[in-house]
Amino acid sequence: MSARALAPAVRDELAEAVLAELGDVLGRADAGAVRALADGYGPRLERPERRRRGAFATPPDLAAALARHALPDLTPARPAWHLLDPACGPGALLRAAFARLVALGATPADALAALHGVDLDPVALALCRAVLAVDALEAGLDGPLAAVLDGLGRRIVAGDALLGPVPGRAGLPADPEGLDWSAAFPRVLAVPGAPAEPVTGWRGGFDAIVLNPPWERLKVAGRDWAGRPPERLREERASAARSVRESGRHPLVGAGEVNAYLPFVETAWRLLAPGGRAAAVVPAGIVSDRSSSALLRALLAAGALESVDVLAADRAYFHGVSARVGAAVVVLRAGVHGPPQERPASVAIGVLGPDGDRAPLAWPVDAAGVALVNPNTHTLPAFGSAAEARVVQEVHRRVPVLVRRAADGSVLADAWQLRLITPLHMTRDARWFSAAPGPGLVPLWEAKHAGLLDHHGGGTSGPRYWVPSALVEARFGELAERGWLAGYRNVTTAAAPRTLLPCALPVVGVGNSLPLLSAPRLPLLLAALASLPVDHVARCRHAGANLNFFKLEQVPVPPPSAYDAPAPWDPTVTVERWVLERFALAVAWTPSLSALAAELGALGVAVPSLEQPVAAGVRARAFAELDAAHALLLGLTRRDLEVVLATFTELRRREERSTGCFATAARLLGAYDELTA
């Protein structure tokens with residue numbers, strides 16, 4: 001936990017106060033006061049800043065779980081164990097590791113001697129050493145407190161874990177605050193005769209690592225500081241990001257916009273001994289964020305990734321942090337320079353806490369499985385069970401993704417000719433926004449206004465802003481000339497009732513939370529994206545807050561040619577005609593969508609009145625038939641469909657609460673049975 005975010009004068013004054021109090025309680029040999037001071041350090045020193053920097057204190061149950069993952073036992077026997085926390089702060093994880101070592105039979109002296117830690121914050125380090133010392137003395141360690149603290153001072157050291165010199169790489173830049181790992185821990189990382197880790201040159205490695213790294217982008221966002229971020233902090237973050245990118249220490253994650261947790265995980269892997277183990281709590285986005293894909297691919301290829309558990313968003317895991325901040329526990333079972341082994345990892349999504357039963361949710365994944373389901377990004381899919389993984393993987397073997405890309409990002413296959421139209425940016429384009437309507441202005445539509453095939457279905461009735469119509473026409477080009485727009489909500493979660501929510505819009509301003517789509521057969525594509533089976537395969541690659549376009553591109557959708565054939569359930573019409581007739585009944589029509597109505601009419605599809613809403617029962621039936629048709633187009637059996645429906649737990653909960661039954665499932669299965677009769 002770093003204190004650099006505070007103004008220097010305030011930081012130094014608080015640090016002096018904390019250190020003075022620490023000296024006082026150590027003088028009184030008051031173990032309880034030392035622990036209370038360590039536990040309260042973060043909130044006391046920098047409560048407003050620590051959330052902005054992603055420095056979350058590890059709660060005891062989570063710390064204990066990480067210690068168990070990193071230290072399942074003490075075999076094989078070693079002359080000495082070496083355990084590390086490279087972002088130790090005031091010591092929560094090292095305390096849990098000490099308790100775990102003692103519980104496994106290590107003496108207090110051996111357990112304490114095993115512990116190593118690194119942090120930038122000297123006050124946190126002082127507290128860490130003090131609290132570990134009193135834990136060890138209470139566990140039966142003999143010796144004066146001063147000697148115990150002196151020993152810890154040689155193994156729990158100050159420095160930037162992400163930067164610094166490495167053996168044999170003198171040409172690489174070294175940050176002044178960077179840590180010389182080999183010099184700091186020569187018995188662990190400068191072992192004569194040990195193989196060199198290929199990037200850093202470290203020889204040896206730690207037997208176990210526990211880690212709760214900072215969850216911070218190395219970039220200052222003005223919105224976190226009411227539009228007035230400290231200039232010094234901005235400079236420090238930019239310098240840190242540049243150092244991480246240029247150091248050569250992080251070839252898998254040191255590019256683009258750096259989030260500190262990823263180079264910490266890569267560093268932990270490189271610090272592990274060949275047979276070592278590591279356990280880290282990181283943002284849930286590690287599963288689906290493109291920035292993590294190269295690291296995950298390398299871990300899978302090496303067989304080093306043992307498990308990933310995305311914790312259920314049923315509660316907040318960190319004090320003072322919203323439950324919406326998703327967390328995942330990642331476990332590694334080998335260091336970089338261990339022999340590569342083809343071993344699948346086990347992934348579980350929605351585990352109820354760090355000690356929750358993961359077995360019913362777990363499914364295996366290897367590099368080939370990732371390439372099948374996420375061929376462009378190679379990020380982990382987010383299945384809820386082994387049965388769901390089987391269903392989606394089989395769909396991917398039968399049906400192509402929307403856009404297939406090569407490693408360099410170039411397009412390999414794009415049957416729908418899908419294009420993303422960049423909406424208006426809510427920050428960069430704010431100068432164009434008006435708070436009231438006026439001549440030449442059109443409403444600005446955002447994700448919260450839109451629902452499933454209903455641009456008024458998002459629960460927020462009216463727009464906040466209006467923008468010049470000339471700006472809209474210039475930005476949206478050919479899509480605006482078409483007379484209507486198509487987009488989807490990218491602000492969502494995998495726990496929402498529905499994840500993929502496309503809709504048709506009139507030609508209005510559109511904010512960046514509602515990305516716009518373009519394709520020659522756009523109504524047909526909207527009908528496919530609005531179906532529940534396609535929604536399901538979309539949510540399987542989504543674990544964060546944004547359903548980014550790069551995730552949508554990897555969704556398997558039947559190609560346009562599949563809609564040109566006669567419908568298997570009604571050979572008198574094509575699949576396209578049959579689907580568009582149901583699409584016309586599912587859209588929430590308004591007079592502003594007259595251009596879409598005209599486009600459907602030109603295809604021979606009758607459109608209901610634009611003045612009167614379609615009856616709720618008729619619209620629900622149309623959705624059920626769209627869903628059933630796309631289940632068949634994706635090759636789903638009835639059993640597969642039941643697996644798919646079981647994943648929409650929030651939709652089921654809401655419908656059972658309001659109607660007493662899971663109405664969507666009943667209608668869909670009924671329509672499926674009719675089409676397959």
# chains A, B, ... in the order shown; residues from 1 in each chain; ligands from 1
call {"tool": "select_by_dssp", "arguments": {"residues": "region 330-373 of chain A", "states": "helix (DSSP H, G or I)", "output": "list in words"}}
result
Ala359, Pro360, Leu361, Ala367, Ala368, Gly369, Val370, Ala371, Leu372 and Val373 of chain A
call {"tool": "residues_around", "arguments": {"residues": "Ser461 (chain A)", "least_positions_apart": "6", "cutoff": "12 Å", "atoms": "only C-alpha atoms", "output": "compact mmCIF listing (two decimals) with N, CA, C and O atoms, in the first residue's frame"}}
result
# COMPACT_ATOMS: atom_id res chain seq x y z
N PRO A 443 -32.16 14.74 -29.41
CA PRO A 443 -31.82 14.17 -28.10
C PRO A 443 -30.52 13.36 -28.15
O PRO A 443 -30.14 12.82 -29.19
N TRP A 445 -29.06 10.01 -26.77
CA TRP A 445 -29.52 8.75 -26.17
C TRP A 445 -28.35 8.03 -25.52
O TRP A 445 -27.24 7.99 -26.06
N GLU A 446 -28.59 7.46 -24.35
CA GLU A 446 -27.58 6.72 -23.60
C GLU A 446 -28.09 5.31 -23.29
O GLU A 446 -29.27 5.01 -23.48
N ALA A 447 -27.20 4.47 -22.80
CA ALA A 447 -27.57 3.08 -22.52
C ALA A 447 -28.76 2.99 -21.57
O ALA A 447 -29.63 2.13 -21.73
N LYS A 448 -28.82 3.87 -20.59
CA LYS A 448 -29.88 3.79 -19.59
C LYS A 448 -31.26 4.09 -20.16
O LYS A 448 -32.27 3.84 -19.52
N HIS A 449 -31.32 4.63 -21.37
CA HIS A 449 -32.62 4.89 -22.01
C HIS A 449 -33.13 3.67 -22.76
O HIS A 449 -34.32 3.61 -23.07
N ALA A 450 -32.25 2.73 -23.12
CA ALA A 450 -32.59 1.69 -24.08
C ALA A 450 -32.77 0.33 -23.42
O ALA A 450 -32.13 0.01 -22.41
N GLY A 451 -33.64 -0.48 -24.03
CA GLY A 451 -33.86 -1.85 -23.61
C GLY A 451 -33.83 -2.78 -24.80
O GLY A 451 -33.37 -2.42 -25.89
N ASP A 454 -36.13 -1.94 -27.83
CA ASP A 454 -37.01 -0.86 -27.35
C ASP A 454 -36.12 0.30 -26.90
O ASP A 454 -35.51 0.25 -25.83
N HIS A 455 -36.05 1.34 -27.73
CA HIS A 455 -35.13 2.42 -27.39
C HIS A 455 -35.66 3.31 -26.26
O HIS A 455 -34.95 4.19 -25.78
call {"tool": "residues_around", "arguments": {"residues": "Cys503 (chain A)", "least_positions_apart": "2", "cutoff": "9 Å", "atoms": "only C-alpha atoms", "output": "PDB file with N, CA, C and O atoms, in the first residue's frame"}}
result
ATOM      1  N   ALA A 450     -32.249   2.730 -23.117  1.00  0.00           N
ATOM      2  CA  ALA A 450     -32.588   1.687 -24.084  1.00  0.00           C
ATOM      3  C   ALA A 450     -32.768   0.332 -23.420  1.00  0.00           C
ATOM      4  O   ALA A 450     -32.129   0.013 -22.414  1.00  0.00           O
ATOM      5  N   GLY A 451     -33.641  -0.481 -24.032  1.00  0.00           N
ATOM      6  CA  GLY A 451     -33.862  -1.855 -23.606  1.00  0.00           C
ATOM      7  C   GLY A 451     -33.827  -2.781 -24.803  1.00  0.00           C
ATOM      8  O   GLY A 451     -33.372  -2.422 -25.889  1.00  0.00           O
ATOM      9  N   LEU A 452     -34.332  -3.981 -24.643  1.00  0.00           N
ATOM     10  CA  LEU A 452     -34.288  -5.005 -25.682  1.00  0.00           C
ATOM     11  C   LEU A 452     -35.270  -4.669 -26.793  1.00  0.00           C
ATOM     12  O   LEU A 452     -36.494  -4.709 -26.591  1.00  0.00           O
ATOM     13  N   LEU A 453     -34.758  -4.303 -27.963  1.00  0.00           N
ATOM     14  CA  LEU A 453     -35.560  -3.884 -29.125  1.00  0.00           C
ATOM     15  C   LEU A 453     -36.554  -2.795 -28.740  1.00  0.00           C
ATOM     16  O   LEU A 453     -37.666  -2.736 -29.253  1.00  0.00           O
ATOM     17  N   ASP A 454     -36.134  -1.942 -27.835  1.00  0.00           N
ATOM     18  CA  ASP A 454     -37.007  -0.863 -27.349  1.00  0.00           C
ATOM     19  C   ASP A 454     -36.117   0.298 -26.903  1.00  0.00           C
ATOM     20  O   ASP A 454     -35.512   0.253 -25.832  1.00  0.00           O
ATOM     21  N   HIS A 455     -36.048   1.340 -27.731  1.00  0.00           N
ATOM     22  CA  HIS A 455     -35.129   2.423 -27.391  1.00  0.00           C
ATOM     23  C   HIS A 455     -35.659   3.305 -26.261  1.00  0.00           C
ATOM     24  O   HIS A 455     -34.954   4.191 -25.778  1.00  0.00           O
ATOM     25  N   LEU A 485     -30.904   4.109 -36.688  1.00  0.00           N
ATOM     26  CA  LEU A 485     -29.659   3.623 -36.123  1.00  0.00           C
ATOM     27  C   LEU A 485     -29.885   2.301 -35.408  1.00  0.00           C
ATOM     28  O   LEU A 485     -31.021   1.969 -35.030  1.00  0.00           O
ATOM     29  N   ALA A 486     -28.814   1.568 -35.206  1.00  0.00           N
ATOM     30  CA  ALA A 486     -28.882   0.328 -34.431  1.00  0.00           C
ATOM     31  C   ALA A 486     -27.714   0.302 -33.461  1.00  0.00           C
ATOM     32  O   ALA A 486     -26.581   0.639 -33.837  1.00  0.00           O
ATOM     33  N   GLY A 487     -27.961  -0.062 -32.228  1.00  0.00           N
ATOM     34  CA  GLY A 487     -26.904  -0.122 -31.235  1.00  0.00           C
ATOM     35  C   GLY A 487     -27.199  -1.170 -30.180  1.00  0.00           C
ATOM     36  O   GLY A 487     -28.211  -1.881 -30.230  1.00  0.00           O
ATOM     37  N   TYR A 488     -26.296  -1.277 -29.215  1.00  0.00           N
ATOM     38  CA  TYR A 488     -26.507  -2.199 -28.098  1.00  0.00           C
ATOM     39  C   TYR A 488     -25.914  -1.576 -26.846  1.00  0.00           C
ATOM     40  O   TYR A 488     -24.963  -0.788 -26.913  1.00  0.00           O
ATOM     41  N   ARG A 489     -26.489  -1.931 -25.713  1.00  0.00           N
ATOM     42  CA  ARG A 489     -25.981  -1.430 -24.437  1.00  0.00           C
ATOM     43  C   ARG A 489     -24.693  -2.144 -24.092  1.00  0.00           C
ATOM     44  O   ARG A 489     -24.658  -3.373 -24.030  1.00  0.00           O
ATOM     45  N   LEU A 501     -28.318  -6.384 -25.145  1.00  0.00           N
ATOM     46  CA  LEU A 501     -29.574  -5.656 -25.339  1.00  0.00           C
ATOM     47  C   LEU A 501     -29.450  -4.733 -26.553  1.00  0.00           C
ATOM     48  O   LEU A 501     -29.120  -3.559 -26.436  1.00  0.00           O
ATOM     49  N   LEU A 505     -32.947   2.633 -33.203  1.00  0.00           N
ATOM     50  CA  LEU A 505     -33.102   4.004 -32.721  1.00  0.00           C
ATOM     51  C   LEU A 505     -33.414   4.920 -33.895  1.00  0.00           C
ATOM     52  O   LEU A 505     -32.994   4.660 -35.025  1.00  0.00           O
ATOM     53  N   LEU A 526     -29.945  -7.551 -36.052  1.00  0.00           N
ATOM     54  CA  LEU A 526     -30.561  -7.150 -34.782  1.00  0.00           C
ATOM     55  C   LEU A 526     -31.446  -8.256 -34.240  1.00  0.00           C
ATOM     56  O   LEU A 526     -31.471  -8.515 -33.032  1.00  0.00           O
ATOM     57  N   ALA A 530     -30.845 -10.090 -30.653  1.00  0.00           N
ATOM     58  CA  ALA A 530     -31.888  -9.944 -29.628  1.00  0.00           C
ATOM     59  C   ALA A 530     -32.366 -11.279 -29.087  1.00  0.00           C
ATOM     60  O   ALA A 530     -33.135 -11.311 -28.123  1.00  0.00           O
ATOM     61  N   VAL A 587     -40.257  -5.547 -32.045  1.00  0.00           N
ATOM     62  CA  VAL A 587     -39.775  -4.178 -31.896  1.00  0.00           C
ATOM     63  C   VAL A 587     -40.833  -3.318 -31.209  1.00  0.00           C
ATOM     64  O   VAL A 587     -42.031  -3.438 -31.491  1.00  0.00           O
TER      65      VAL A 587
END
call {"tool": "residues_around", "arguments": {"residues": "Cys88 (chain A)", "least_positions_apart": "3", "cutoff": "9 Å", "atoms": "only C-alpha atoms", "output": "JSON, numbers by chain"}}
result
{"A": [1, 84, 85, 91, 92, 93, 94, 116, 117, 118, 119, 124, 125, 128, 156, 210, 211, 212, 213]}
call {"tool": "residues_around", "arguments": {"residues": "Cys540 (chain A)", "least_positions_apart": "4", "cutoff": "8 Å", "atoms": "only C-alpha atoms", "output": "list in words"}}
result
Pro381, Ala382, Phe383 and His536 of chain A
call {"tool": "select_by_dssp", "arguments": {"residues": "region 262-459 of chain A", "states": "strand (DSSP E or B)", "output": "PDB file with N, CA and C atoms, in the first residue's frame"}}
result
ATOM      1  N   LEU A 272       8.456 -17.028  -8.995  1.00  0.00           N
ATOM      2  CA  LEU A 272       8.185 -18.357  -8.447  1.00  0.00           C
ATOM      3  C   LEU A 272       9.275 -19.353  -8.824  1.00  0.00           C
ATOM      4  N   ALA A 273       9.580 -20.239  -7.890  1.00  0.00           N
ATOM      5  CA  ALA A 273      10.433 -21.380  -8.200  1.00  0.00           C
ATOM      6  C   ALA A 273       9.692 -22.306  -9.167  1.00  0.00           C
ATOM      7  N   PRO A 274      10.425 -23.198  -9.863  1.00  0.00           N
ATOM      8  CA  PRO A 274       9.755 -24.083 -10.826  1.00  0.00           C
ATOM      9  C   PRO A 274       8.556 -24.815 -10.246  1.00  0.00           C
ATOM     10  N   GLY A 275       8.649 -25.262  -9.015  1.00  0.00           N
ATOM     11  CA  GLY A 275       7.527 -25.963  -8.394  1.00  0.00           C
ATOM     12  C   GLY A 275       6.771 -25.121  -7.391  1.00  0.00           C
ATOM     13  N   GLY A 276       6.939 -23.793  -7.466  1.00  0.00           N
ATOM     14  CA  GLY A 276       6.287 -22.917  -6.496  1.00  0.00           C
ATOM     15  C   GLY A 276       4.818 -22.700  -6.775  1.00  0.00           C
ATOM     16  N   ARG A 277       4.147 -22.062  -5.811  1.00  0.00           N
ATOM     17  CA  ARG A 277       2.715 -21.784  -5.927  1.00  0.00           C
ATOM     18  C   ARG A 277       2.464 -20.317  -5.558  1.00  0.00           C
ATOM     19  N   ALA A 278       1.483 -19.729  -6.220  1.00  0.00           N
ATOM     20  CA  ALA A 278       1.109 -18.352  -5.923  1.00  0.00           C
ATOM     21  C   ALA A 278      -0.400 -18.244  -5.881  1.00  0.00           C
ATOM     22  N   ALA A 279      -0.901 -17.357  -5.025  1.00  0.00           N
ATOM     23  CA  ALA A 279      -2.336 -17.085  -4.940  1.00  0.00           C
ATOM     24  C   ALA A 279      -2.515 -15.580  -4.847  1.00  0.00           C
ATOM     25  N   ALA A 280      -3.381 -15.043  -5.708  1.00  0.00           N
ATOM     26  CA  ALA A 280      -3.587 -13.600  -5.760  1.00  0.00           C
ATOM     27  C   ALA A 280      -5.065 -13.299  -5.858  1.00  0.00           C
ATOM     28  N   VAL A 281      -5.475 -12.186  -5.243  1.00  0.00           N
ATOM     29  CA  VAL A 281      -6.821 -11.673  -5.460  1.00  0.00           C
ATOM     30  C   VAL A 281      -6.680 -10.454  -6.360  1.00  0.00           C
ATOM     31  N   VAL A 282      -7.409 -10.476  -7.475  1.00  0.00           N
ATOM     32  CA  VAL A 282      -7.270  -9.447  -8.518  1.00  0.00           C
ATOM     33  C   VAL A 282      -8.661  -9.086  -9.023  1.00  0.00           C
ATOM     34  N   PRO A 283      -8.788  -8.040  -9.840  1.00  0.00           N
ATOM     35  CA  PRO A 283     -10.095  -7.725 -10.414  1.00  0.00           C
ATOM     36  C   PRO A 283     -10.639  -8.865 -11.269  1.00  0.00           C
ATOM     37  N   LEU A 305      -1.197 -22.182 -14.798  1.00  0.00           N
ATOM     38  CA  LEU A 305      -2.439 -21.683 -14.204  1.00  0.00           C
ATOM     39  C   LEU A 305      -3.234 -22.853 -13.642  1.00  0.00           C
ATOM     40  N   GLU A 306      -3.400 -22.865 -12.321  1.00  0.00           N
ATOM     41  CA  GLU A 306      -4.149 -23.951 -11.692  1.00  0.00           C
ATOM     42  C   GLU A 306      -5.641 -23.655 -11.645  1.00  0.00           C
ATOM     43  N   SER A 307      -6.004 -22.444 -11.201  1.00  0.00           N
ATOM     44  CA  SER A 307      -7.433 -22.144 -11.069  1.00  0.00           C
ATOM     45  C   SER A 307      -7.670 -20.647 -11.083  1.00  0.00           C
ATOM     46  N   VAL A 308      -8.887 -20.295 -11.494  1.00  0.00           N
ATOM     47  CA  VAL A 308      -9.385 -18.932 -11.401  1.00  0.00           C
ATOM     48  C   VAL A 308     -10.801 -19.017 -10.845  1.00  0.00           C
ATOM     49  N   ASP A 309     -11.040 -18.362  -9.730  1.00  0.00           N
ATOM     50  CA  ASP A 309     -12.381 -18.307  -9.134  1.00  0.00           C
ATOM     51  C   ASP A 309     -12.853 -16.860  -9.142  1.00  0.00           C
ATOM     52  N   VAL A 310     -13.889 -16.579  -9.922  1.00  0.00           N
ATOM     53  CA  VAL A 310     -14.509 -15.259  -9.887  1.00  0.00           C
ATOM     54  C   VAL A 310     -15.562 -15.284  -8.784  1.00  0.00           C
ATOM     55  N   LEU A 311     -15.379 -14.447  -7.770  1.00  0.00           N
ATOM     56  CA  LEU A 311     -16.255 -14.474  -6.607  1.00  0.00           C
ATOM     57  C   LEU A 311     -17.611 -13.862  -6.935  1.00  0.00           C
ATOM     58  N   ALA A 327     -14.217  -9.425  -7.903  1.00  0.00           N
ATOM     59  CA  ALA A 327     -12.917  -9.948  -7.472  1.00  0.00           C
ATOM     60  C   ALA A 327     -12.753 -11.379  -7.946  1.00  0.00           C
ATOM     61  N   ALA A 328     -11.517 -11.749  -8.210  1.00  0.00           N
ATOM     62  CA  ALA A 328     -11.198 -13.117  -8.610  1.00  0.00           C
ATOM     63  C   ALA A 328      -9.968 -13.588  -7.851  1.00  0.00           C
ATOM     64  N   VAL A 329      -9.939 -14.875  -7.532  1.00  0.00           N
ATOM     65  CA  VAL A 329      -8.783 -15.499  -6.896  1.00  0.00           C
ATOM     66  C   VAL A 329      -8.078 -16.350  -7.952  1.00  0.00           C
ATOM     67  N   VAL A 330      -6.815 -16.023  -8.213  1.00  0.00           N
ATOM     68  CA  VAL A 330      -6.010 -16.711  -9.224  1.00  0.00           C
ATOM     69  C   VAL A 330      -4.931 -17.514  -8.517  1.00  0.00           C
ATOM     70  N   VAL A 331      -4.785 -18.781  -8.888  1.00  0.00           N
ATOM     71  CA  VAL A 331      -3.790 -19.663  -8.276  1.00  0.00           C
ATOM     72  C   VAL A 331      -2.850 -20.186  -9.364  1.00  0.00           C
ATOM     73  N   LEU A 332      -1.544 -20.020  -9.141  1.00  0.00           N
ATOM     74  CA  LEU A 332      -0.520 -20.546 -10.040  1.00  0.00           C
ATOM     75  C   LEU A 332       0.164 -21.733  -9.368  1.00  0.00           C
ATOM     76  N   ALA A 345      -6.484 -25.662 -16.766  1.00  0.00           N
ATOM     77  CA  ALA A 345      -6.828 -24.917 -15.558  1.00  0.00           C
ATOM     78  C   ALA A 345      -8.286 -25.170 -15.223  1.00  0.00           C
ATOM     79  N   SER A 346      -8.633 -24.912 -13.980  1.00  0.00           N
ATOM     80  CA  SER A 346     -10.016 -25.041 -13.529  1.00  0.00           C
ATOM     81  C   SER A 346     -10.559 -23.646 -13.246  1.00  0.00           C
ATOM     82  N   VAL A 347     -11.682 -23.315 -13.863  1.00  0.00           N
ATOM     83  CA  VAL A 347     -12.276 -21.986 -13.721  1.00  0.00           C
ATOM     84  C   VAL A 347     -13.667 -22.130 -13.124  1.00  0.00           C
ATOM     85  N   ALA A 348     -14.010 -21.254 -12.207  1.00  0.00           N
ATOM     86  CA  ALA A 348     -15.346 -21.243 -11.603  1.00  0.00           C
ATOM     87  C   ALA A 348     -15.826 -19.803 -11.507  1.00  0.00           C
ATOM     88  N   ILE A 349     -17.017 -19.546 -11.987  1.00  0.00           N
ATOM     89  CA  ILE A 349     -17.597 -18.206 -11.987  1.00  0.00           C
ATOM     90  C   ILE A 349     -18.742 -18.157 -10.984  1.00  0.00           C
ATOM     91  N   GLY A 350     -18.746 -17.155 -10.124  1.00  0.00           N
ATOM     92  CA  GLY A 350     -19.834 -16.989  -9.169  1.00  0.00           C
ATOM     93  C   GLY A 350     -19.663 -17.761  -7.882  1.00  0.00           C
ATOM     94  N   VAL A 351     -18.414 -18.016  -7.470  1.00  0.00           N
ATOM     95  CA  VAL A 351     -18.155 -18.744  -6.223  1.00  0.00           C
ATOM     96  C   VAL A 351     -18.585 -17.868  -5.044  1.00  0.00           C
ATOM     97  N   TRP A 363     -15.128 -25.784 -14.323  1.00  0.00           N
ATOM     98  CA  TRP A 363     -14.985 -26.421 -15.623  1.00  0.00           C
ATOM     99  C   TRP A 363     -13.537 -26.278 -16.062  1.00  0.00           C
ATOM    100  N   PRO A 364     -13.036 -27.223 -16.855  1.00  0.00           N
ATOM    101  CA  PRO A 364     -11.630 -27.174 -17.269  1.00  0.00           C
ATOM    102  C   PRO A 364     -11.452 -26.339 -18.531  1.00  0.00           C
ATOM    103  N   VAL A 365     -10.305 -25.704 -18.642  1.00  0.00           N
ATOM    104  CA  VAL A 365      -9.989 -24.937 -19.846  1.00  0.00           C
ATOM    105  C   VAL A 365      -8.500 -25.052 -20.128  1.00  0.00           C
ATOM    106  N   VAL A 401     -17.825 -17.053 -35.543  1.00  0.00           N
ATOM    107  CA  VAL A 401     -18.008 -15.816 -34.778  1.00  0.00           C
ATOM    108  C   VAL A 401     -18.323 -14.680 -35.746  1.00  0.00           C
ATOM    109  N   ARG A 404     -13.845 -12.663 -37.340  1.00  0.00           N
ATOM    110  CA  ARG A 404     -12.642 -13.432 -36.988  1.00  0.00           C
ATOM    111  C   ARG A 404     -11.413 -12.618 -37.376  1.00  0.00           C
ATOM    112  N   ARG A 405     -10.490 -12.446 -36.431  1.00  0.00           N
ATOM    113  CA  ARG A 405      -9.310 -11.620 -36.660  1.00  0.00           C
ATOM    114  C   ARG A 405      -8.032 -12.442 -36.534  1.00  0.00           C
ATOM    115  N   VAL A 411      -8.727  -8.464 -40.302  1.00  0.00           N
ATOM    116  CA  VAL A 411      -9.936  -9.267 -40.403  1.00  0.00           C
ATOM    117  C   VAL A 411      -9.701 -10.480 -41.294  1.00  0.00           C
ATOM    118  N   LEU A 412     -10.021 -11.665 -40.787  1.00  0.00           N
ATOM    119  CA  LEU A 412      -9.935 -12.901 -41.555  1.00  0.00           C
ATOM    120  C   LEU A 412     -11.287 -13.308 -42.127  1.00  0.00           C
ATOM    121  N   ALA A 413     -12.351 -13.076 -41.377  1.00  0.00           N
ATOM    122  CA  ALA A 413     -13.693 -13.457 -41.831  1.00  0.00           C
ATOM    123  C   ALA A 413     -14.704 -12.505 -41.217  1.00  0.00           C
ATOM    124  N   ARG A 419     -19.751  -3.459 -38.831  1.00  0.00           N
ATOM    125  CA  ARG A 419     -18.912  -2.324 -38.519  1.00  0.00           C
ATOM    126  C   ARG A 419     -19.409  -1.647 -37.249  1.00  0.00           C
ATOM    127  N   LEU A 420     -18.459  -1.152 -36.462  1.00  0.00           N
ATOM    128  CA  LEU A 420     -18.786  -0.363 -35.281  1.00  0.00           C
ATOM    129  C   LEU A 420     -18.724   1.108 -35.658  1.00  0.00           C
ATOM    130  N   ILE A 421     -19.787   1.833 -35.369  1.00  0.00           N
ATOM    131  CA  ILE A 421     -19.826   3.275 -35.592  1.00  0.00           C
ATOM    132  C   ILE A 421     -19.588   3.954 -34.243  1.00  0.00           C
ATOM    133  N   LEU A 424     -20.934   9.382 -29.779  1.00  0.00           N
ATOM    134  CA  LEU A 424     -20.396  10.602 -29.184  1.00  0.00           C
ATOM    135  C   LEU A 424     -19.793  10.274 -27.820  1.00  0.00           C
ATOM    136  N   SER A 434     -26.171  20.340 -24.984  1.00  0.00           N
ATOM    137  CA  SER A 434     -27.049  21.371 -24.425  1.00  0.00           C
ATOM    138  C   SER A 434     -27.967  20.727 -23.404  1.00  0.00           C
ATOM    139  N   LEU A 441     -31.402  20.866 -32.725  1.00  0.00           N
ATOM    140  CA  LEU A 441     -30.880  19.907 -31.751  1.00  0.00           C
ATOM    141  C   LEU A 441     -31.713  18.632 -31.741  1.00  0.00           C
ATOM    142  N   VAL A 442     -31.059  17.513 -31.490  1.00  0.00           N
ATOM    143  CA  VAL A 442     -31.747  16.230 -31.328  1.00  0.00           C
ATOM    144  C   VAL A 442     -31.345  15.641 -29.986  1.00  0.00           C
ATOM    145  N   PRO A 443     -32.158  14.743 -29.414  1.00  0.00           N
ATOM    146  CA  PRO A 443     -31.816  14.173 -28.102  1.00  0.00           C
ATOM    147  C   PRO A 443     -30.522  13.360 -28.152  1.00  0.00           C
ATOM    148  N   LEU A 444     -29.862  13.273 -27.018  1.00  0.00           N
ATOM    149  CA  LEU A 444     -28.696  12.404 -26.864  1.00  0.00           C
ATOM    150  C   LEU A 444     -29.130  11.160 -26.101  1.00  0.00           C
ATOM    151  N   TRP A 445     -29.055  10.005 -26.770  1.00  0.00           N
ATOM    152  CA  TRP A 445     -29.519   8.749 -26.171  1.00  0.00           C
ATOM    153  C   TRP A 445     -28.347   8.028 -25.519  1.00  0.00           C
ATOM    154  N   GLY A 451     -33.641  -0.481 -24.032  1.00  0.00           N
ATOM    155  CA  GLY A 451     -33.862  -1.855 -23.606  1.00  0.00           C
ATOM    156  C   GLY A 451     -33.827  -2.781 -24.803  1.00  0.00           C
ATOM    157  N   ASP A 454     -36.134  -1.942 -27.835  1.00  0.00           N
ATOM    158  CA  ASP A 454     -37.007  -0.863 -27.349  1.00  0.00           C
ATOM    159  C   ASP A 454     -36.117   0.298 -26.903  1.00  0.00           C
TER     160      ASP A 454
END
call {"tool": "residues_around", "arguments": {"residues": "Glu197 (chain A)", "least_positions_apart": "5", "cutoff": "9 Å", "atoms": "only C-alpha atoms", "output": "list in words"}}
result
Trp202, Arg203, Gly204, Gly205, Arg270, Leu271, Gly335, Val336 and His337 of chain A
call {"tool": "residues_around", "arguments": {"residues": "Arg482 (chain A)", "least_positions_apart": "5", "cutoff": "12 Å", "atoms": "only C-alpha atoms", "output": "count of residues only"}}
result
20
call {"tool": "closest_residue", "arguments": {"among": "A:Tyr563, A:Gly143, A:Leu669, A:Asp570", "to": "Val643 (chain A)", "atoms": "only C-alpha atoms"}}
result
A:Leu669
call {"tool": "atom_distance", "arguments": {"atom1": "CA of Val191 (chain A)", "atom2": "CA of Ala67 (chain A)"}}
result
25.2 Å
